[in-house]
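Note sheet for the following structure.
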Amino acid sequence: MKAMEPRLTRAVVEWTGWGATPLPARDDARVIARFGSEAGPALAKAARRLEADFSAGSAEFRTRHPELGGDAVDALAWSTAYGR
């Protein structure tokens with residue numbers, strides 16, 4: 001089982017704009033600004049991949065991604081509720 005990764009959780013929240021913008025604002029640059037040019041691009045890519053895998057209300061998603069904290073799941077639910 002994967003351990004929870006707080007940095008990935010924070011990257012998903014940053015990428016979606018959850019808690020910072022009134023509507024989803026998927027933004028790689030915000031993740032790179034927060035985590036730096038070395039880790040940021042990979043974290044932004046992971047956030048995009050996770051959003052593509054997300055199904056709102058899916059218990060399977062939580063099973064597949066135990067490394068994500070609740071904030072990331074909430075951010076993805078919010079982001080996908082507005083479409084792409």
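Quick note on naming: the chains in the structure tokens go A, B, ... in the order shown, residues restart at 1 in each chain, and ligands are numbered from 1 in order of appearance.
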Selection near Ser55 in chain A, 12 Å with only C-alpha atoms, sequence-local residues under 3 positions removed, as an MDAnalysis selection string: chainID A and resid 50:52 58:62 64 73:74 76:81 83
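The neighbours of range 3-13 of chain A here are the residues that come within 6 Å of it, using only C-alpha atoms and leaving out any residue fewer than 6 positions away in the same chain; they are Val31, Ala47, Glu67, Leu68, Gly69, Ala72 and Ala75 of chain A.
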Output file for the selection above: N, CA, C and O atoms, as a PDB file, in the first residue's frame:
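Result saved to again-v1.pdb:
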ATOM      1  N   VAL A  31       1.807  25.299  -9.559  1.00  0.00           N
ATOM      2  CA  VAL A  31       2.471  24.164  -8.912  1.00  0.00           C
ATOM      3  C   VAL A  31       3.987  24.336  -8.992  1.00  0.00           C
ATOM      4  O   VAL A  31       4.699  24.118  -8.004  1.00  0.00           O
ATOM      5  N   ALA A  47      -0.897  15.689 -11.128  1.00  0.00           N
ATOM      6  CA  ALA A  47      -2.225  16.257 -10.867  1.00  0.00           C
ATOM      7  C   ALA A  47      -3.128  16.093 -12.083  1.00  0.00           C
ATOM      8  O   ALA A  47      -4.295  15.712 -11.944  1.00  0.00           O
ATOM      9  N   GLU A  67      -2.505   7.338  -1.613  1.00  0.00           N
ATOM     10  CA  GLU A  67      -1.449   8.323  -1.357  1.00  0.00           C
ATOM     11  C   GLU A  67      -1.995   9.743  -1.269  1.00  0.00           C
ATOM     12  O   GLU A  67      -1.291  10.659  -0.830  1.00  0.00           O
ATOM     13  N   LEU A  68      -3.254   9.956  -1.687  1.00  0.00           N
ATOM     14  CA  LEU A  68      -3.848  11.289  -1.669  1.00  0.00           C
ATOM     15  C   LEU A  68      -4.606  11.549  -0.378  1.00  0.00           C
ATOM     16  O   LEU A  68      -5.367  10.710   0.084  1.00  0.00           O
ATOM     17  N   GLY A  69      -4.411  12.745   0.140  1.00  0.00           N
ATOM     18  CA  GLY A  69      -5.185  13.176   1.290  1.00  0.00           C
ATOM     19  C   GLY A  69      -6.570  13.634   0.867  1.00  0.00           C
ATOM     20  O   GLY A  69      -6.843  13.847  -0.323  1.00  0.00           O
ATOM     21  N   ALA A  72      -7.030  16.725  -1.493  1.00  0.00           N
ATOM     22  CA  ALA A  72      -6.829  16.509  -2.930  1.00  0.00           C
ATOM     23  C   ALA A  72      -8.080  15.904  -3.551  1.00  0.00           C
ATOM     24  O   ALA A  72      -8.486  16.305  -4.646  1.00  0.00           O
ATOM     25  N   ALA A  75     -10.590  18.623  -3.828  1.00  0.00           N
ATOM     26  CA  ALA A  75     -10.213  19.539  -4.911  1.00  0.00           C
ATOM     27  C   ALA A  75     -10.548  18.945  -6.274  1.00  0.00           C
ATOM     28  O   ALA A  75     -11.047  19.646  -7.161  1.00  0.00           O
TER      29      ALA A  75
END
If you count only C-alpha atoms, which residues fall within 12 Å of Pro22 in chain A, apart from same-chain ones fewer than 3 positions away, as a list in words? Thr16, Gly17, Trp18, Gly19, Ala25, Trp78, Ser79 and Tyr82 of chain A
Once you have the residues from the selection above, write them out as a PDB file, in the first residue's frame, restricted to N, CA and C atoms.
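That gives us again.pdb:
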ATOM      1  N   THR A  16      -5.508  22.741  -8.993  1.00  0.00           N
ATOM      2  CA  THR A  16      -6.924  22.999  -9.271  1.00  0.00           C
ATOM      3  C   THR A  16      -7.342  24.418  -8.905  1.00  0.00           C
ATOM      4  N   GLY A  17      -6.625  25.027  -7.957  1.00  0.00           N
ATOM      5  CA  GLY A  17      -7.018  26.341  -7.453  1.00  0.00           C
ATOM      6  C   GLY A  17      -8.022  26.263  -6.322  1.00  0.00           C
ATOM      7  N   TRP A  18      -8.273  25.052  -5.831  1.00  0.00           N
ATOM      8  CA  TRP A  18      -9.263  24.852  -4.776  1.00  0.00           C
ATOM      9  C   TRP A  18      -8.900  25.662  -3.537  1.00  0.00           C
ATOM     10  N   GLY A  19      -9.848  26.458  -3.068  1.00  0.00           N
ATOM     11  CA  GLY A  19      -9.626  27.290  -1.886  1.00  0.00           C
ATOM     12  C   GLY A  19      -8.964  28.615  -2.195  1.00  0.00           C
ATOM     13  N   ALA A  25      -9.101  26.477 -11.717  1.00  0.00           N
ATOM     14  CA  ALA A  25      -8.107  27.151 -12.552  1.00  0.00           C
ATOM     15  C   ALA A  25      -6.886  26.248 -12.625  1.00  0.00           C
ATOM     16  N   TRP A  78     -14.350  19.057  -6.811  1.00  0.00           N
ATOM     17  CA  TRP A  78     -14.738  20.432  -7.141  1.00  0.00           C
ATOM     18  C   TRP A  78     -14.350  20.773  -8.567  1.00  0.00           C
ATOM     19  N   SER A  79     -13.146  20.445  -8.930  1.00  0.00           N
ATOM     20  CA  SER A  79     -12.632  20.763 -10.256  1.00  0.00           C
ATOM     21  C   SER A  79     -13.415  20.052 -11.356  1.00  0.00           C
ATOM     22  N   TYR A  82     -17.054  21.203 -12.480  1.00  0.00           N
ATOM     23  CA  TYR A  82     -17.157  22.309 -13.426  1.00  0.00           C
ATOM     24  C   TYR A  82     -16.789  21.903 -14.842  1.00  0.00           C
TER      25      TYR A  82
END
Would you please give, as a PyMOL selection string, all residues of chain A that DSSP assigns to alpha helix (DSSP H) based on the backbone? chain A and resi 6-16+28-53+59-64+70-81
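Using only C-alpha atoms, the nearest neighbour of Arg26 in chain A within the list A:Asp71, A:Ala39, A:Phe54, A:Glu14 is A:Glu14.
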Have a look at CA of Thr63 in chain A and CA of Thr21 in chain A and let me know their distance in Å, one decimal. 28.3 Å
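Coordinates place CA of Asp28 in chain A at a distance of 7.9 Å from CA of Gly40 in chain A.
Picture a line from CA of Ala33 in chain A to CA of Ala46 in chain A; it runs 15.7 Å.
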